[in-house]
>>> print(open('final02.cif').read())   # mmCIF, C-alpha atoms
data_upload
#
loop_
_atom_site.label_atom_id
_atom_site.label_comp_id
_atom_site.auth_asym_id
_atom_site.auth_seq_id
_atom_site.Cartn_x
_atom_site.Cartn_y
_atom_site.Cartn_z
CA MET A 213 98.37 75.65 65.62
CA LYS A 214 99.61 79.13 66.45
CA HIS A 215 97.77 79.20 69.76
CA LYS A 216 99.29 75.89 70.81
CA SER A 217 102.85 77.10 70.33
CA ALA A 218 102.05 80.34 72.19
CA LEU A 219 100.52 78.33 75.05
CA ARG A 220 103.52 76.02 75.16
CA ALA A 221 105.87 78.99 75.27
CA ALA A 222 103.83 80.84 77.91
CA PHE A 223 103.26 78.01 80.38
CA PRO A 224 106.79 77.69 81.85
CA HIS A 225 106.84 81.42 82.60
CA THR A 226 103.62 81.11 84.59
CA ILE A 227 104.70 78.24 86.87
CA PRO A 228 105.73 80.47 89.82
CA VAL A 229 102.41 82.31 89.56
CA MET A 230 100.60 78.97 89.33
CA LEU A 231 102.08 77.87 92.66
CA GLY A 232 101.28 81.19 94.29
CA TYR A 233 97.78 81.54 92.89
CA LEU A 234 96.72 77.96 93.62
CA PHE A 235 97.69 78.32 97.27
CA LEU A 236 96.60 81.92 97.78
CA GLY A 237 93.38 81.24 95.84
CA ALA A 238 92.73 78.23 98.04
CA ALA A 239 93.38 80.32 101.14
CA PHE A 240 90.86 82.85 99.84
CA GLY A 241 88.25 80.14 99.12
CA ILE A 242 88.70 78.60 102.57
CA LEU A 243 88.39 81.94 104.33
CA LEU A 244 85.34 82.99 102.31
CA ASN A 245 83.76 79.61 103.01
CA SER A 246 84.23 80.14 106.74
CA LYS A 247 82.09 83.29 106.45
CA GLY A 248 79.22 81.34 104.91
CA TYR A 249 79.94 81.93 101.23
CA GLY A 250 80.47 78.61 99.42
CA TRP A 251 82.71 77.84 96.46
CA GLY A 252 80.26 79.30 93.93
CA TRP A 253 80.76 82.74 95.48
CA ALA A 254 84.54 82.25 95.41
CA VAL A 255 84.42 81.43 91.69
CA LEU A 256 82.10 84.36 90.97
CA MET A 257 84.53 86.77 92.65
CA SER A 258 87.63 85.27 91.08
CA VAL A 259 86.09 85.45 87.60
CA PHE A 260 84.75 89.01 87.83
CA ILE A 261 86.89 90.84 90.42
CA TYR A 262 90.17 88.96 89.95
CA ALA A 263 92.33 90.99 92.32
CA GLY A 264 94.14 88.98 94.98
CA SER A 265 94.57 91.31 97.91
CA MET A 266 91.25 93.07 97.23
CA GLN A 267 89.38 89.78 97.36
CA PHE A 268 90.78 89.17 100.82
CA VAL A 269 89.64 92.64 101.86
CA ALA A 270 86.26 91.85 100.28
CA ILE A 271 85.78 88.90 102.63
CA GLY A 272 85.72 91.42 105.45
CA LEU A 273 83.33 93.70 103.58
CA LEU A 274 81.00 90.79 102.83
CA SER A 275 80.88 89.59 106.41
CA GLY A 276 80.02 92.96 107.96
CA PRO A 277 77.15 95.41 107.46
CA PHE A 278 76.08 96.34 103.90
CA LEU A 279 78.17 99.46 103.09
CA PRO A 280 78.36 99.86 99.29
CA LEU A 281 80.05 103.28 99.18
CA GLN A 282 82.74 102.19 101.60
CA ALA A 283 83.33 99.05 99.55
CA ALA A 284 83.75 101.10 96.37
CA LEU A 285 86.16 103.59 97.95
CA MET A 286 88.13 100.85 99.65
CA THR A 287 88.57 99.12 96.28
CA LEU A 288 89.91 102.33 94.71
CA MET A 289 92.45 102.70 97.53
CA VAL A 290 93.61 99.09 97.59
CA ASN A 291 93.86 98.80 93.80
CA ALA A 292 95.19 102.25 92.92
CA ARG A 293 98.59 100.72 92.23
CA HIS A 294 97.08 98.93 89.21
CA THR A 295 96.90 102.29 87.44
CA PHE A 296 100.71 102.23 87.41
CA TYR A 297 100.70 98.97 85.50
CA GLY A 298 98.46 100.29 82.76
CA ILE A 299 100.79 103.23 82.16
CA SER A 300 103.64 100.77 81.57
CA MET A 301 101.50 98.63 79.26
CA LEU A 302 100.14 101.41 77.02
CA GLU A 303 102.72 100.63 74.33
CA LYS A 304 102.74 96.84 74.73
CA PHE A 305 98.96 96.50 74.43
CA LYS A 306 98.69 98.84 71.46
CA SER A 307 98.68 96.11 68.84
CA MET A 308 96.52 93.65 70.76
CA GLY A 309 93.18 94.46 69.11
CA ARG A 310 90.31 92.30 70.37
CA LYS A 311 92.53 90.81 73.06
CA LYS A 312 93.18 94.22 74.62
CA PRO A 313 90.07 94.52 76.86
CA TYR A 314 90.85 91.19 78.52
CA MET A 315 94.53 92.14 78.91
CA VAL A 316 93.48 95.34 80.70
CA PHE A 317 90.93 93.55 82.89
CA SER A 318 93.37 90.83 83.96
CA LEU A 319 96.34 93.06 84.82
CA THR A 320 97.10 91.83 88.34
CA ASP A 321 100.38 92.39 90.22
CA GLU A 322 101.73 89.00 89.19
CA THR A 323 100.56 89.09 85.58
CA PHE A 324 102.02 92.57 85.23
CA SER A 325 105.36 91.38 86.54
CA LEU A 326 105.40 88.46 84.09
CA LEU A 327 104.42 90.68 81.16
CA CYS A 328 107.25 93.06 82.08
CA SER A 329 109.93 90.39 81.95
CA ALA A 330 108.78 87.43 79.81
CA ARG A 331 109.50 87.48 76.08
CA ALA A 332 107.99 85.20 73.47
CA PRO A 333 110.61 82.95 71.85
CA GLU A 334 111.48 83.24 68.18
CA GLY A 335 108.60 82.30 65.88
CA VAL A 336 105.86 82.69 68.51
CA ASP A 337 103.33 85.49 68.18
CA GLU A 338 104.06 88.02 70.96
CA ASN A 339 100.41 89.01 71.42
CA ARG A 340 99.13 85.43 71.66
CA PHE A 341 101.96 84.67 74.09
CA ARG A 342 100.92 87.57 76.33
CA LEU A 343 97.27 86.57 76.18
CA TRP A 344 98.10 83.05 77.33
CA VAL A 345 100.25 84.35 80.20
CA SER A 346 97.32 86.47 81.39
CA PHE A 347 94.67 83.80 80.82
CA LEU A 348 96.62 80.96 82.46
CA ASP A 349 97.18 83.13 85.52
CA GLN A 350 93.47 83.75 85.93
CA ILE A 351 92.68 80.06 85.47
CA TYR A 352 95.07 79.22 88.31
CA TRP A 353 93.41 81.80 90.53
CA ILE A 354 89.88 80.52 89.76
CA VAL A 355 90.84 76.87 90.22
CA GLY A 356 92.62 77.67 93.49
CA SER A 357 89.72 79.62 94.95
CA ALA A 358 87.16 76.99 93.85
CA ALA A 359 89.26 74.24 95.42
CA GLY A 360 89.60 76.26 98.63
CA GLY A 361 85.86 76.79 98.80
CA LEU A 362 85.21 73.08 98.22
CA ILE A 363 87.71 71.57 100.62
CA GLY A 364 87.03 74.18 103.31
CA SER A 365 89.16 73.42 106.30
CA LEU A 366 90.24 69.94 105.23
CA VAL A 367 93.79 71.05 104.37
CA SER A 368 96.01 68.37 105.81
CA PHE A 369 99.51 69.88 105.57
CA ASN A 370 100.88 73.09 106.94
CA THR A 371 101.07 75.69 104.17
CA LYS A 372 102.01 78.54 106.49
CA GLY A 373 104.47 80.81 104.68
CA ILE A 374 103.59 79.66 101.15
CA ASP A 375 102.60 83.24 100.28
CA PHE A 376 106.34 84.01 100.25
CA VAL A 377 106.18 82.68 96.68
CA MET A 378 105.00 86.13 95.61
CA THR A 379 107.77 87.98 97.45
CA ALA A 380 110.30 85.65 95.84
CA LEU A 381 108.77 86.14 92.38
CA PHE A 382 108.93 89.93 92.65
CA THR A 383 112.50 89.73 93.96
CA VAL A 384 113.61 87.59 91.01
CA ILE A 385 111.97 89.93 88.48
CA PHE A 386 113.49 92.93 90.26
CA LEU A 387 116.94 91.30 89.90
CA GLU A 388 116.44 90.53 86.22
CA GLN A 389 115.35 94.08 85.50
CA TRP A 390 118.36 95.30 87.48
CA GLU A 391 120.68 93.25 85.29
CA ASN A 392 118.97 94.28 82.05
CA ASN A 393 119.00 98.04 82.72
CA ARG A 394 122.05 100.22 83.03
CA ASN A 395 119.98 102.90 84.74
CA HIS A 396 119.31 101.70 88.30
CA ILE A 397 117.69 104.91 89.52
CA PRO A 398 114.05 103.78 88.96
CA ALA A 399 114.61 100.52 90.87
CA LEU A 400 116.26 102.33 93.78
CA VAL A 401 113.59 105.02 93.83
CA GLY A 402 110.89 102.32 93.93
CA LEU A 403 112.50 100.54 96.88
CA GLY A 404 113.57 103.63 98.79
CA GLY A 405 110.37 105.61 98.24
CA SER A 406 108.22 102.70 99.40
CA VAL A 407 110.33 102.06 102.50
CA LEU A 408 110.16 105.75 103.44
CA CYS A 409 106.38 105.86 103.02
CA LEU A 410 105.93 102.56 104.86
CA ALA A 411 107.86 104.01 107.82
CA GLU A 412 105.90 107.26 107.67
CA PHE A 413 102.34 106.08 106.93
CA GLY A 414 102.31 102.47 108.17
CA PRO A 415 101.40 99.23 106.38
CA GLY A 416 97.75 100.12 105.78
CA ASN A 417 98.17 103.43 103.95
CA PHE A 418 101.56 103.61 102.32
CA ILE A 419 100.85 102.59 98.72
CA LEU A 420 99.19 105.81 97.54
CA PRO A 421 101.85 108.12 99.05
CA SER A 422 104.55 105.79 97.67
CA MET A 423 103.09 106.14 94.18
CA VAL A 424 103.05 109.92 94.43
CA LEU A 425 106.58 110.06 95.80
CA ILE A 426 107.95 107.64 93.18
CA VAL A 427 106.42 109.61 90.30
CA ALA A 428 107.67 112.89 91.79
CA ILE A 429 111.25 111.68 92.19
CA LEU A 430 111.31 109.94 88.81
CA SER A 431 110.12 113.09 87.09
CA LEU A 432 113.14 114.89 88.57
CA PHE A 433 115.41 112.30 86.97
CA ARG A 434 113.74 112.51 83.57
CA LYS A 435 116.26 114.84 81.95
CA ALA A 436 119.22 112.83 83.26
CA SER A 437 117.90 109.51 82.00
CA GLU A 438 117.06 110.91 78.56
CA LYS A 439 120.53 112.35 78.23
CA GLU A 440 122.01 108.96 79.02
CA GLU A 441 119.92 107.32 76.33
CA THR A 442 121.20 109.54 73.55
CA VAL A 443 124.83 108.89 74.48
CA MET B 405 76.42 85.70 105.91
CA THR B 406 75.38 88.99 107.45
CA MET B 407 73.52 90.31 104.38
CA THR B 408 71.16 89.03 101.71
CA SER B 409 72.50 87.39 98.55
CA GLY B 410 71.30 90.40 96.58
CA GLN B 411 73.31 92.79 98.76
CA ALA B 412 76.38 90.57 98.47
CA LEU B 413 76.01 90.56 94.68
CA ILE B 414 75.81 94.38 94.64
CA LEU B 415 79.02 94.61 96.69
CA ILE B 416 80.83 92.14 94.42
CA PHE B 417 79.65 94.05 91.35
CA LEU B 418 80.89 97.36 92.80
CA ILE B 419 84.26 95.90 93.78
CA ALA B 420 84.66 94.36 90.29
CA LEU B 421 83.72 97.65 88.62
CA MET B 422 86.13 99.75 90.71
CA THR B 423 88.95 97.24 90.19
CA LEU B 424 88.41 97.40 86.43
CA PHE B 425 88.36 101.19 86.64
CA THR B 426 91.81 101.34 88.30
CA ARG B 427 93.19 99.04 85.60
CA ALA B 428 91.54 100.76 82.63
CA LEU B 429 92.19 104.36 83.68
CA PRO B 430 95.48 104.88 81.77
CA PHE B 431 93.93 103.40 78.63
CA LEU B 432 90.92 105.72 78.96
CA LEU B 433 93.09 108.80 79.58
CA PHE B 434 95.54 108.04 76.76
CA PRO B 435 93.54 106.41 73.96
CA GLN B 436 95.33 104.60 71.16
CA GLY B 437 94.65 107.04 68.35
CA LYS B 438 96.20 110.00 70.11
CA GLU B 439 99.86 110.67 70.78
CA THR B 440 100.70 109.71 74.37
CA PRO B 441 102.45 112.62 76.16
CA ALA B 442 106.23 112.20 76.33
CA PHE B 443 106.18 112.35 80.13
CA VAL B 444 103.71 109.45 80.33
CA ARG B 445 105.82 107.43 77.89
CA TYR B 446 108.84 108.13 80.08
CA LEU B 447 106.90 106.92 83.14
CA GLY B 448 105.85 103.80 81.22
CA LYS B 449 109.53 103.01 80.69
CA VAL B 450 110.83 103.62 84.22
CA LEU B 451 107.84 102.52 86.29
CA PRO B 452 108.24 98.73 85.84
CA CYS B 453 111.57 98.78 87.71
CA ALA B 454 110.24 101.14 90.37
CA VAL B 455 106.99 99.22 90.83
CA MET B 456 108.78 95.92 91.28
CA GLY B 457 110.67 97.51 94.17
CA MET B 458 107.38 98.80 95.56
CA LEU B 459 105.78 95.34 95.28
CA ILE B 460 108.62 93.74 97.24
CA ILE B 461 108.06 96.26 100.03
CA TYR B 462 104.29 95.72 99.72
CA CYS B 463 104.82 91.98 100.31
CA LEU B 464 107.04 92.69 103.32
CA LYS B 465 104.87 95.43 104.82
CA GLY B 466 103.71 93.27 107.74
CA VAL B 467 107.26 92.51 108.90
CA SER B 468 108.19 94.15 112.20
CA VAL B 469 111.88 95.01 112.19
CA PHE B 470 111.82 96.46 115.70
CA SER B 471 110.69 93.36 117.58
CA ALA B 472 111.91 89.74 117.61
CA PRO B 473 112.73 88.09 115.26
CA TYR B 474 113.46 91.49 113.64
CA GLY B 475 112.36 90.39 110.19
CA ALA B 476 115.09 87.74 110.13
CA PRO B 477 113.05 85.01 108.35
CA GLU B 478 112.00 87.40 105.60
CA LEU B 479 115.38 89.09 105.16
CA ILE B 480 117.35 85.83 105.14
CA SER B 481 114.89 84.27 102.69
CA VAL B 482 115.00 87.28 100.33
CA ALA B 483 118.81 87.15 100.52
CA ALA B 484 118.64 83.43 99.68
CA VAL B 485 116.48 84.19 96.63
CA ILE B 486 119.01 86.78 95.46
CA LEU B 487 122.02 84.49 96.00
CA LEU B 488 120.32 81.50 94.34
CA HIS B 489 119.39 83.66 91.39
CA LYS B 490 122.88 85.15 91.06
CA TRP B 491 124.29 81.63 91.20
CA LYS B 492 122.10 79.65 88.78
CA HIS B 493 119.76 82.17 87.14
CA SER B 494 116.95 79.62 87.36
CA THR B 495 113.67 81.31 88.25
CA LEU B 496 112.09 78.17 89.64
CA LEU B 497 115.10 77.25 91.78
CA SER B 498 115.34 80.78 93.22
CA ILE B 499 111.63 81.04 93.99
CA GLY B 500 111.20 77.45 95.15
CA GLY B 501 114.33 77.47 97.30
CA GLY B 502 113.55 80.81 98.91
CA THR B 503 109.96 79.84 99.66
CA LEU B 504 110.84 76.45 101.17
CA LEU B 505 113.48 78.13 103.34
CA TYR B 506 110.94 80.72 104.49
CA MET B 507 108.32 78.05 105.29
CA PHE B 508 110.93 76.09 107.24
CA PHE B 509 111.88 79.23 109.19
CA ILE B 510 108.40 80.24 110.25
CA GLN B 511 107.13 76.72 110.88
CA PHE B 512 110.11 75.31 112.77
CA VAL B 513 112.66 77.99 113.72
CA PHE B 514 111.02 81.37 114.40
CA ILE B 515 107.67 80.16 115.71
#
>>> encode(input="final02.cif", output="structure tokens")
Amino acid sequence: MKHKSALRAAFPHTIPVMLGYLFLGAAFGILLNSKGYGWGWAVLMSVFIYAGSMQFVAIGLLSGPFLPLQAALMTLMVNARHTFYGISMLEKFKSMGRKKPYMVFSLTDETFSLLCSARAPEGVDENRFRLWVSFLDQIYWIVGSAAGGLIGSLVSFNTKGIDFVMTALFTVIFLEQWENNRNHIPALVGLGGSVLCLAEFGPGNFILPSMVLIVAILSLFRKASEKEETV
Amino acid sequence: MTMTSGQALILIFLIALMTLFTRALPFLLFPQGKETPAFVRYLGKVLPCAVMGMLIIYCLKGVSVFSAPYGAPELISVAAVILLHKWKHSTLLSIGGGTLLYMFFIQFVFI
């Protein structure tokens, strides 16, 4: 079975995301439940929206007055960074055929980071491997949010700080990319540009300016990096 | 619930649609059949490294470095992740170790 070998190869890569998504998903389900929306709503949102931080924002939108335009605009702002991911996946998804729409739909922060770094082992179909990475991640998120909605506030141990799993995951992938690339300018521009914009615009509004700044600076370095490649 | 189920469904539908839009936009702008502009291909190559830096900052955006504990739990834990990873190159050890350390810090040390 080709799918079985792809699944077996993909699973170990997804374990960090599994831990993060089960706990964050559960936190989402619990919080949504506390606003009067049971586990069915949590599953509905995790199946069709499938965007971690936006779903937390959505809890607020769903427990206030009915403001559809504001909800739509807010989503664009919060999720604008996802457009970055698509640009980096244009080439990778080219050969994915019928799998491509799902790959585009399910391109979360964490799945993107795994797709950037994880490689299918010898003999395993790269496209099937990527599909399983994406699909497993969403399953974890759905299961986590359903469980959170079901157990409500019955959590018996202190999970405070578990969301650091995501910070750690991004740090590890950052390191691996650092070691695999001779050109460290993009990584430094990403860190530095975001820190600058965070200081200037504050935690609520810094992602969009960061994206603009990062693209602007990287475009200045384009000639230099292309020269290096031909050497 | 402060609204009807129908209104909640409309909001969820809108949020899902807009989320999909942000993810699909590059694929709509640069369809497969056509040559992708060289500049966009360049961005596709350099953005993963830059975005990973941005995501780390995004995760740490709530940390206040100007008041106690001055971001110490986060900074020490990130440093631990880096050292663990440099040492063993085991993704699970680096992530697990860093996270447990962070949970210990904010539950028992920097309360």
>>> residues_around(input="final02.cif", residues="Gln267 (chain A)", least_positions_apart="6", cutoff="8 Å", atoms="all atoms listed in the file", output="number ranges by chain")
A: 240, 257-258, 261
>>> interface_residues(input="final02.cif", of="chain A", to="chain B", cutoff="6 Å", atoms="only C-alpha atoms", output="list in words")
Gly248, Phe260, Ile261, Ser275, Pro280, Ala284, Thr287, Ala292, His294, Thr295, Gly298, Ile299, Ser300, Phe317, Gly373, Phe376, Val377, Thr379, Ala380, Phe382, Phe386, Pro398, Ala399, Gly402, Leu403, Ser406 and Pro415 of chain A
>>> write_last_selection(input="final02.cif", atoms="C-alpha atoms", output="PDB file, in the coordinates of the input")
ATOM      1  CA  GLY A 248      79.220  81.340 104.910  1.00  0.00           C
ATOM      2  CA  PHE A 260      84.750  89.010  87.830  1.00  0.00           C
ATOM      3  CA  ILE A 261      86.890  90.840  90.420  1.00  0.00           C
ATOM      4  CA  SER A 275      80.880  89.590 106.410  1.00  0.00           C
ATOM      5  CA  PRO A 280      78.360  99.860  99.290  1.00  0.00           C
ATOM      6  CA  ALA A 284      83.750 101.100  96.370  1.00  0.00           C
ATOM      7  CA  THR A 287      88.570  99.120  96.280  1.00  0.00           C
ATOM      8  CA  ALA A 292      95.190 102.250  92.920  1.00  0.00           C
ATOM      9  CA  HIS A 294      97.080  98.930  89.210  1.00  0.00           C
ATOM     10  CA  THR A 295      96.900 102.290  87.440  1.00  0.00           C
ATOM     11  CA  GLY A 298      98.460 100.290  82.760  1.00  0.00           C
ATOM     12  CA  ILE A 299     100.790 103.230  82.160  1.00  0.00           C
ATOM     13  CA  SER A 300     103.640 100.770  81.570  1.00  0.00           C
ATOM     14  CA  PHE A 317      90.930  93.550  82.890  1.00  0.00           C
ATOM     15  CA  GLY A 373     104.470  80.810 104.680  1.00  0.00           C
ATOM     16  CA  PHE A 376     106.340  84.010 100.250  1.00  0.00           C
ATOM     17  CA  VAL A 377     106.180  82.680  96.680  1.00  0.00           C
ATOM     18  CA  THR A 379     107.770  87.980  97.450  1.00  0.00           C
ATOM     19  CA  ALA A 380     110.300  85.650  95.840  1.00  0.00           C
ATOM     20  CA  PHE A 382     108.930  89.930  92.650  1.00  0.00           C
ATOM     21  CA  PHE A 386     113.490  92.930  90.260  1.00  0.00           C
ATOM     22  CA  PRO A 398     114.050 103.780  88.960  1.00  0.00           C
ATOM     23  CA  ALA A 399     114.610 100.520  90.870  1.00  0.00           C
ATOM     24  CA  GLY A 402     110.890 102.320  93.930  1.00  0.00           C
ATOM     25  CA  LEU A 403     112.500 100.540  96.880  1.00  0.00           C
ATOM     26  CA  SER A 406     108.220 102.700  99.400  1.00  0.00           C
ATOM     27  CA  PRO A 415     101.400  99.230 106.380  1.00  0.00           C
TER      28      PRO A 415
END
>>> atom_distance(input="final02.cif", atom1="CA of Ile426 (chain A)", atom2="CA of Gly404 (chain A)")
8.9 Å
>>> atom_distance(input="final02.cif", atom1="CA of Leu400 (chain A)", atom2="CA of Arg434 (chain A)")
14.6 Å
>>> atom_distance(input="final02.cif", atom1="CA of Gly405 (chain A)", atom2="CA of Leu432 (chain B)")
27.4 Å
>>> closest_residue(input="final02.cif", among="A:Leu279, A:Val229, A:Leu343, A:Val384", to="Pro313 (chain A)", atoms="all atoms listed in the file")
A:Leu343
>>> resolve_selection(input="final02.cif", expression="the PyMOL selection byres ((chain A and resi 244) around 12)", output="short mmCIF file (atom, residue, chain, number, x, y, z; two decimals) with C-alpha atoms, in the coordinates of the input")
data_model
loop_
_atom_site.label_atom_id
_atom_site.label_comp_id
_atom_site.auth_asym_id
_atom_site.auth_seq_id
_atom_site.Cartn_x
_atom_site.Cartn_y
_atom_site.Cartn_z
CA GLY A 237 93.38 81.24 95.84
CA ALA A 238 92.73 78.23 98.04
CA ALA A 239 93.38 80.32 101.14
CA PHE A 240 90.86 82.85 99.84
CA GLY A 241 88.25 80.14 99.12
CA ILE A 242 88.70 78.60 102.57
CA LEU A 243 88.39 81.94 104.33
CA ASN A 245 83.76 79.61 103.01
CA SER A 246 84.23 80.14 106.74
CA LYS A 247 82.09 83.29 106.45
CA GLY A 248 79.22 81.34 104.91
CA TYR A 249 79.94 81.93 101.23
CA GLY A 250 80.47 78.61 99.42
CA TRP A 251 82.71 77.84 96.46
CA GLY A 252 80.26 79.30 93.93
CA TRP A 253 80.76 82.74 95.48
CA ALA A 254 84.54 82.25 95.41
CA VAL A 255 84.42 81.43 91.69
CA LEU A 256 82.10 84.36 90.97
CA MET A 257 84.53 86.77 92.65
CA SER A 258 87.63 85.27 91.08
CA GLN A 267 89.38 89.78 97.36
CA PHE A 268 90.78 89.17 100.82
CA VAL A 269 89.64 92.64 101.86
CA ALA A 270 86.26 91.85 100.28
CA ILE A 271 85.78 88.90 102.63
CA GLY A 272 85.72 91.42 105.45
CA LEU A 273 83.33 93.70 103.58
CA LEU A 274 81.00 90.79 102.83
CA SER A 275 80.88 89.59 106.41
CA SER A 357 89.72 79.62 94.95
CA ALA A 358 87.16 76.99 93.85
CA ALA A 359 89.26 74.24 95.42
CA GLY A 360 89.60 76.26 98.63
CA GLY A 361 85.86 76.79 98.80
CA LEU A 362 85.21 73.08 98.22
CA ILE A 363 87.71 71.57 100.62
CA GLY A 364 87.03 74.18 103.31
CA SER A 365 89.16 73.42 106.30
CA MET B 405 76.42 85.70 105.91
#
>>> residues_around(input="final02.cif", residues="Glu322 (chain A)", least_positions_apart="6", cutoff="10 Å", atoms="all atoms listed in the file", output="ChimeraX atom specification")
/A:226,228-229,232-233,264,328,346,349,378,381-382 /B:459
